[in-house]
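Content type mmCIF, C-alpha atoms and all ligand atoms, from the file my_file-v6.cif:
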data_my_file
#
loop_
_atom_site.group_PDB
_atom_site.id
_atom_site.type_symbol
_atom_site.label_atom_id
_atom_site.label_comp_id
_atom_site.auth_asym_id
_atom_site.auth_seq_id
_atom_site.Cartn_x
_atom_site.Cartn_y
_atom_site.Cartn_z
ATOM 1 C CA MET A 1 29.348 2.981 -13.420
ATOM 2 C CA PRO A 2 26.444 0.932 -14.850
ATOM 3 C CA ARG A 3 23.801 2.501 -17.007
ATOM 4 C CA LEU A 4 20.785 3.473 -14.910
ATOM 5 C CA ALA A 5 17.091 3.310 -15.845
ATOM 6 C CA VAL A 6 15.025 5.560 -13.559
ATOM 7 C CA PHE A 7 11.350 4.645 -13.622
ATOM 8 C CA ASP A 8 8.295 6.611 -12.644
ATOM 9 C CA LEU A 9 5.849 4.420 -10.684
ATOM 10 C CA ASP A 10 2.143 5.248 -11.181
ATOM 11 C CA GLY A 11 1.180 4.728 -14.813
ATOM 12 C CA THR A 12 4.663 3.501 -15.780
ATOM 13 C CA LEU A 13 5.626 0.446 -13.707
ATOM 14 C CA VAL A 14 2.252 -0.125 -12.064
ATOM 15 C CA ASP A 15 -1.410 0.264 -12.922
ATOM 16 C CA SER A 16 -2.291 1.809 -9.574
ATOM 17 C CA ALA A 17 -5.385 3.758 -10.615
ATOM 18 C CA PRO A 18 -7.822 1.097 -9.268
ATOM 19 C CA ASP A 19 -6.530 1.391 -5.679
ATOM 20 C CA ILE A 20 -6.169 5.190 -5.855
ATOM 21 C CA HIS A 21 -9.725 5.335 -7.209
ATOM 22 C CA ALA A 22 -11.064 3.018 -4.488
ATOM 23 C CA ALA A 23 -9.380 5.040 -1.726
ATOM 24 C CA LEU A 24 -10.727 8.321 -3.130
ATOM 25 C CA ASP A 25 -14.228 6.822 -3.302
ATOM 26 C CA ARG A 26 -13.959 5.672 0.342
ATOM 27 C CA LEU A 27 -12.987 9.222 1.282
ATOM 28 C CA MET A 28 -15.905 10.642 -0.698
ATOM 29 C CA ALA A 29 -18.382 8.133 0.745
ATOM 30 C CA ALA A 30 -17.291 9.121 4.267
ATOM 31 C CA GLN A 31 -18.016 12.743 3.316
ATOM 32 C CA VAL A 32 -21.365 11.827 1.694
ATOM 33 C CA ARG A 33 -20.120 12.616 -1.784
ATOM 34 C CA PRO A 34 -20.671 10.579 -4.978
ATOM 35 C CA PRO A 35 -17.923 8.322 -6.351
ATOM 36 C CA PHE A 36 -15.647 9.193 -9.266
ATOM 37 C CA ALA A 37 -15.405 7.789 -12.779
ATOM 38 C CA ARG A 38 -12.035 6.141 -13.488
ATOM 39 C CA ALA A 39 -11.063 8.733 -16.114
ATOM 40 C CA GLU A 40 -11.561 11.563 -13.610
ATOM 41 C CA VAL A 41 -9.209 9.864 -11.158
ATOM 42 C CA VAL A 42 -6.554 9.143 -13.789
ATOM 43 C CA GLY A 43 -6.547 12.836 -14.699
ATOM 44 C CA MET A 44 -5.825 13.758 -11.050
ATOM 45 C CA ILE A 45 -2.725 11.514 -10.698
ATOM 46 C CA GLY A 46 0.794 12.800 -11.205
ATOM 47 C CA ASP A 47 1.511 15.641 -8.776
ATOM 48 C CA GLY A 48 1.549 13.696 -5.520
ATOM 49 C CA VAL A 49 -1.004 12.887 -2.857
ATOM 50 C CA ARG A 50 -1.696 16.438 -1.680
ATOM 51 C CA ALA A 51 -2.589 17.632 -5.175
ATOM 52 C CA LEU A 52 -4.647 14.467 -5.701
ATOM 53 C CA VAL A 53 -6.788 15.048 -2.606
ATOM 54 C CA GLN A 54 -7.063 18.774 -3.330
ATOM 55 C CA ARG A 55 -8.317 18.013 -6.849
ATOM 56 C CA ALA A 56 -10.760 15.386 -5.599
ATOM 57 C CA CYS A 57 -12.147 17.752 -2.963
ATOM 58 C CA ALA A 58 -12.506 20.562 -5.494
ATOM 59 C CA ALA A 59 -14.352 18.250 -7.886
ATOM 60 C CA ARG A 60 -16.875 17.335 -5.167
ATOM 61 C CA ASP A 61 -17.306 20.765 -3.582
ATOM 62 C CA LEU A 62 -15.590 19.624 -0.405
ATOM 63 C CA ALA A 63 -13.285 21.827 1.686
ATOM 64 C CA PHE A 64 -9.739 20.415 1.644
ATOM 65 C CA SER A 65 -8.159 19.890 5.061
ATOM 66 C CA GLU A 66 -4.963 18.400 6.443
ATOM 67 C CA ALA A 67 -7.143 15.885 8.324
ATOM 68 C CA LEU A 68 -8.716 14.650 5.075
ATOM 69 C CA LEU A 69 -5.250 14.370 3.511
ATOM 70 C CA ALA A 70 -3.867 12.441 6.494
ATOM 71 C CA GLY A 71 -6.870 10.108 6.542
ATOM 72 C CA PHE A 72 -6.630 9.431 2.825
ATOM 73 C CA THR A 73 -2.880 8.833 2.985
ATOM 74 C CA ALA A 74 -3.154 6.339 5.859
ATOM 75 C CA ASP A 75 -6.027 4.463 4.205
ATOM 76 C CA TYR A 76 -4.327 4.342 0.797
ATOM 77 C CA THR A 77 -0.968 3.273 2.229
ATOM 78 C CA ALA A 78 -2.610 0.348 4.037
ATOM 79 C CA ARG A 79 -4.515 -0.757 0.942
ATOM 80 C CA ALA A 80 -2.237 0.303 -1.943
ATOM 81 C CA ALA A 81 -1.790 -3.204 -3.340
ATOM 82 C CA GLU A 82 -5.291 -4.681 -3.344
ATOM 83 C CA GLU A 83 -5.860 -4.312 -7.083
ATOM 84 C CA THR A 84 -2.622 -2.730 -8.292
ATOM 85 C CA VAL A 85 -0.504 -4.814 -10.664
ATOM 86 C CA LEU A 86 2.569 -4.336 -12.812
ATOM 87 C CA PHE A 87 1.673 -3.417 -16.377
ATOM 88 C CA PRO A 88 1.970 -6.472 -18.650
ATOM 89 C CA GLY A 89 5.541 -6.861 -19.835
ATOM 90 C CA ILE A 90 7.128 -4.744 -17.070
ATOM 91 C CA ALA A 91 8.508 -7.707 -15.100
ATOM 92 C CA GLU A 92 10.137 -9.054 -18.257
ATOM 93 C CA ALA A 93 11.517 -5.639 -19.223
ATOM 94 C CA LEU A 94 13.099 -5.158 -15.771
ATOM 95 C CA GLU A 95 14.625 -8.639 -15.973
ATOM 96 C CA ALA A 96 16.023 -7.980 -19.434
ATOM 97 C CA LEU A 97 17.524 -4.651 -18.406
ATOM 98 C CA GLN A 98 19.188 -6.131 -15.343
ATOM 99 C CA ALA A 99 20.486 -9.041 -17.396
ATOM 100 C CA ALA A 100 21.996 -6.472 -19.786
ATOM 101 C CA GLY A 101 23.779 -4.803 -16.872
ATOM 102 C CA TRP A 102 21.476 -1.866 -16.209
ATOM 103 C CA ALA A 103 20.843 -0.671 -12.669
ATOM 104 C CA LEU A 104 17.249 0.312 -11.869
ATOM 105 C CA ALA A 105 15.729 3.083 -9.747
ATOM 106 C CA VAL A 106 12.284 4.546 -9.017
ATOM 107 C CA CYS A 107 11.489 8.264 -8.895
ATOM 108 C CA THR A 108 7.833 8.776 -7.977
ATOM 109 C CA ASN A 109 5.639 11.527 -6.574
ATOM 110 C CA LYS A 110 3.834 8.881 -4.497
ATOM 111 C CA PRO A 111 4.868 9.181 -0.826
ATOM 112 C CA ALA A 112 7.765 6.917 0.159
ATOM 113 C CA ALA A 113 5.762 4.822 2.666
ATOM 114 C CA ALA A 114 3.039 3.899 0.169
ATOM 115 C CA THR A 115 5.694 3.305 -2.497
ATOM 116 C CA ALA A 116 7.621 0.918 -0.249
ATOM 117 C CA ALA A 117 4.444 -0.961 0.720
ATOM 118 C CA LEU A 118 3.434 -1.326 -2.907
ATOM 119 C CA LEU A 119 6.843 -2.417 -4.208
ATOM 120 C CA SER A 120 7.089 -4.970 -1.415
ATOM 121 C CA ALA A 121 3.597 -6.368 -2.097
ATOM 122 C CA LEU A 122 4.515 -6.730 -5.779
ATOM 123 C CA GLY A 123 7.670 -8.665 -4.928
ATOM 124 C CA LEU A 124 10.002 -5.906 -6.102
ATOM 125 C CA ASP A 125 11.903 -5.464 -2.839
ATOM 126 C CA GLY A 126 15.595 -5.041 -3.497
ATOM 127 C CA ARG A 127 15.173 -4.631 -7.259
ATOM 128 C CA PHE A 128 15.969 -0.935 -7.225
ATOM 129 C CA ALA A 129 19.273 0.714 -6.360
ATOM 130 C CA ALA A 130 17.274 3.686 -5.025
ATOM 131 C CA VAL A 131 13.642 4.680 -4.569
ATOM 132 C CA GLY A 132 12.927 8.419 -4.413
ATOM 133 C CA GLY A 133 9.406 9.074 -3.146
ATOM 134 C CA GLY A 134 7.346 12.244 -3.330
ATOM 135 C CA ASP A 135 8.409 13.165 0.203
ATOM 136 C CA SER A 136 11.963 11.769 0.117
ATOM 137 C CA PHE A 137 13.514 15.124 -0.830
ATOM 138 C CA PRO A 138 12.578 18.772 -0.229
ATOM 139 C CA VAL A 139 11.365 18.909 -3.861
ATOM 140 C CA ARG A 140 9.529 16.557 -6.175
ATOM 141 C CA LYS A 141 8.952 16.182 -9.930
ATOM 142 C CA PRO A 142 8.828 18.316 -12.072
ATOM 143 C CA ASP A 143 11.741 19.709 -10.007
ATOM 144 C CA PRO A 144 14.922 18.052 -11.344
ATOM 145 C CA GLY A 145 16.262 17.900 -7.768
ATOM 146 C CA HIS A 146 13.990 14.904 -7.123
ATOM 147 C CA LEU A 147 15.456 12.998 -10.045
ATOM 148 C CA LEU A 148 19.046 14.081 -9.322
ATOM 149 C CA GLY A 149 18.662 13.068 -5.657
ATOM 150 C CA THR A 150 17.369 9.651 -6.702
ATOM 151 C CA LEU A 151 20.165 9.304 -9.244
ATOM 152 C CA ARG A 152 22.803 10.168 -6.648
ATOM 153 C CA ALA A 153 21.301 7.697 -4.158
ATOM 154 C CA ALA A 154 21.464 5.006 -6.860
ATOM 155 C CA GLY A 155 25.113 5.800 -7.587
ATOM 156 C CA GLY A 156 24.294 6.865 -11.130
ATOM 157 C CA GLU A 157 25.344 9.846 -13.212
ATOM 158 C CA PRO A 158 23.250 11.953 -15.627
ATOM 159 C CA GLY A 159 25.287 10.988 -18.716
ATOM 160 C CA GLN A 160 24.623 7.292 -18.096
ATOM 161 C CA ALA A 161 20.932 7.437 -17.117
ATOM 162 C CA VAL A 162 17.493 7.573 -18.738
ATOM 163 C CA MET A 163 14.163 8.549 -17.161
ATOM 164 C CA ILE A 164 11.073 6.553 -18.159
ATOM 165 C CA GLY A 165 7.717 8.117 -17.308
ATOM 166 C CA ASP A 166 4.137 8.744 -18.372
ATOM 167 C CA HIS A 167 3.617 12.348 -17.258
ATOM 168 C CA ARG A 168 4.731 15.834 -18.247
ATOM 169 C CA ASN A 169 6.374 16.022 -14.804
ATOM 170 C CA ASP A 170 8.686 13.143 -15.728
ATOM 171 C CA VAL A 171 9.728 14.824 -18.977
ATOM 172 C CA LEU A 172 10.298 18.178 -17.256
ATOM 173 C CA ALA A 173 12.309 16.658 -14.395
ATOM 174 C CA ALA A 174 14.469 14.720 -16.866
ATOM 175 C CA ARG A 175 15.127 17.741 -19.058
ATOM 176 C CA GLY A 176 15.994 19.842 -16.030
ATOM 177 C CA ALA A 177 18.398 17.166 -14.839
ATOM 178 C CA GLY A 178 19.996 16.768 -18.283
ATOM 179 C CA LEU A 179 18.712 13.235 -18.879
ATOM 180 C CA PRO A 180 16.802 11.895 -21.875
ATOM 181 C CA CYS A 181 13.207 10.912 -21.093
ATOM 182 C CA LEU A 182 11.503 7.975 -22.747
ATOM 183 C CA PHE A 183 7.742 8.456 -22.609
ATOM 184 C CA ALA A 184 5.676 5.462 -21.435
ATOM 185 C CA GLY A 185 2.941 5.367 -24.055
ATOM 186 C CA TRP A 186 1.002 2.694 -22.134
ATOM 187 C CA GLY A 187 0.530 4.940 -19.096
ATOM 188 C CA TYR A 188 -1.933 7.551 -17.890
ATOM 189 C CA GLY A 189 -0.591 10.634 -19.653
ATOM 190 C CA PRO A 190 -2.129 11.749 -22.949
ATOM 191 C CA PRO A 191 0.290 11.766 -25.932
ATOM 192 C CA ALA A 192 0.629 15.570 -25.681
ATOM 193 C CA MET A 193 2.509 15.077 -22.401
ATOM 194 C CA ALA A 194 5.314 13.390 -24.342
ATOM 195 C CA GLU A 195 6.459 16.775 -25.672
ATOM 196 C CA GLY A 196 10.160 17.098 -24.878
ATOM 197 C CA ALA A 197 10.713 13.345 -24.525
ATOM 198 C CA VAL A 198 13.274 11.807 -26.887
ATOM 199 C CA ALA A 199 10.860 9.056 -27.920
ATOM 200 C CA THR A 200 7.704 7.217 -26.892
ATOM 201 C CA ALA A 201 7.772 3.494 -26.142
ATOM 202 C CA ALA A 202 4.354 2.123 -27.054
ATOM 203 C CA THR A 203 4.694 -0.939 -24.826
ATOM 204 C CA PRO A 204 6.986 -2.174 -22.034
ATOM 205 C CA ALA A 205 8.416 -4.681 -24.534
ATOM 206 C CA ALA A 206 9.581 -1.767 -26.677
ATOM 207 C CA LEU A 207 11.480 -0.302 -23.731
ATOM 208 C CA VAL A 208 14.530 -2.498 -23.796
ATOM 209 C CA PRO A 209 15.541 -1.836 -27.428
ATOM 210 C CA ALA A 210 14.679 1.864 -27.031
ATOM 211 C CA LEU A 211 16.900 2.191 -23.966
ATOM 212 C CA ARG A 212 19.691 0.303 -25.700
ATOM 213 C CA ASP A 213 19.470 2.812 -28.577
ATOM 214 C CA LEU A 214 19.748 5.736 -26.153
ATOM 215 C CA LEU A 215 22.732 4.363 -24.211
ATOM 216 C CA PRO A 216 24.458 1.728 -26.349
HETATM 217 O O1 LIG B 1 1.516 10.081 -6.868
HETATM 218 C C1 LIG B 1 1.333 10.658 -7.952
HETATM 219 O O2 LIG B 1 0.564 11.626 -8.100
HETATM 220 C C2 LIG B 1 2.043 10.185 -9.181
HETATM 221 O O3 LIG B 1 2.999 9.231 -8.955
HETATM 222 P P1 LIG B 1 4.096 8.944 -10.110
HETATM 223 O O4 LIG B 1 5.070 10.081 -9.987
HETATM 224 O O5 LIG B 1 4.635 7.606 -9.701
HETATM 225 O O6 LIG B 1 3.375 8.903 -11.414
HETATM 226 MG MG MG B 2 3.294 8.443 -13.534
#

Is it possible to express this structure as structure tokens?
Ligand SMILES: O=C(O)COP(=O)(O)O
Ligand SMILES: [Mg+2]
Amino acid sequence: MPRLAVFDLDGTLVDSAPDIHAALDRLMAAQVRPPFARAEVVGMIGDGVRALVQRACAARDLAFSEALLAGFTADYTARAAEETVLFPGIAEALEALQAAGWALAVCTNKPAAATAALLSALGLDGRFAAVGGGDSFPVRKPDPGHLLGTLRAAGGEPGQAVMIGDHRNDVLAARGAGLPCLFAGWGYGPPAMAEGAVATAATPAALVPALRDLLP
């Protein structure tokens, strides 16, 4: 059973805020609402697309509806990779982990369709033993069932796996599943969200030695 590194997506592997921001602004423009500042959008990411659209609507005095959610989701899924890139150093970190025998997986609250489109556009098809999206299981992060379902699909086991994420939801899901969580200090979550993580990696380059320390 190889060691398994389970990565969060938004704010951990990829800097996706520009495309999420652009899609939210297109939604707002269609509803004759002003655009958002980047920091506002970053603060809305982390609990999946429904919570994102609900928060955006609330911030612009707009009534949330299933139609708005469906429209946003279709638009974002089609255009998820226009500006989104891997964080600097992530490609090298994934390579180094695989070379050291680690298996890789993704556990994200982003819906599975948008996740697949994005990973494919970034050339990461086939890199991950499993990809658990926000709608892949009946539950999602912070529920540990999302992480455990992803882990099972990847053929991993909790004693040989580490979660890497940038949000309180990643830490909570990992703790609930009995895995250590390494906090991605380069991501969207403020440092306070690292509470309960075993350590913070300041950069993707710091990931590989930190993971090696956790599972020698
Ligand atoms: O879609 C979100 O809200 C967050 O996605 P993440 O779990 O990959 O950070
Ligand atoms: Mg994240």

Taking the file above as input, evaluate the PyMOL selection byres (((chain A and resi 160-169) around 8) and not hetatm) and report the hits as a ChimeraX atom specification. /A:1-9,11-12,46-47,141-142,156-159,170-174,179-189,193-195,211,214-215

Using only C-alpha atoms, which residues sit within 7 Å of stretch 78-85 of chain A once same-chain residues fewer than 4 positions away are excluded, as a PyMOL selection string? chain A and resi 14-16+18-19+74+114+118+121

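Picture a line from atom CA of A:Ala105 to atom CA of A:Ala153; it runs 9.1 Å.
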
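We find atom CA of A:Leu24 and atom CA of A:Ala116 to be spaced 20.0 Å apart.
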
Protein, DNA and RNA residues within 12 Å of (-13.5, 6.1, 0.9), all atoms listed in the file, as a ChimeraX atom specification: /A:19-36,53,56,68-69,71-76,79

Box for ligand LIG 1 (chain B): with edges along x, y and z, all listed atoms inside and 4 Å added on each side, what are the centre and edge lengths in Å to one decimal, as AutoDock Vina command-line options?
--center_x 2.8 --center_y 9.6 --center_z -9.1 --size_x 12.5 --size_y 12.0 --size_z 12.5
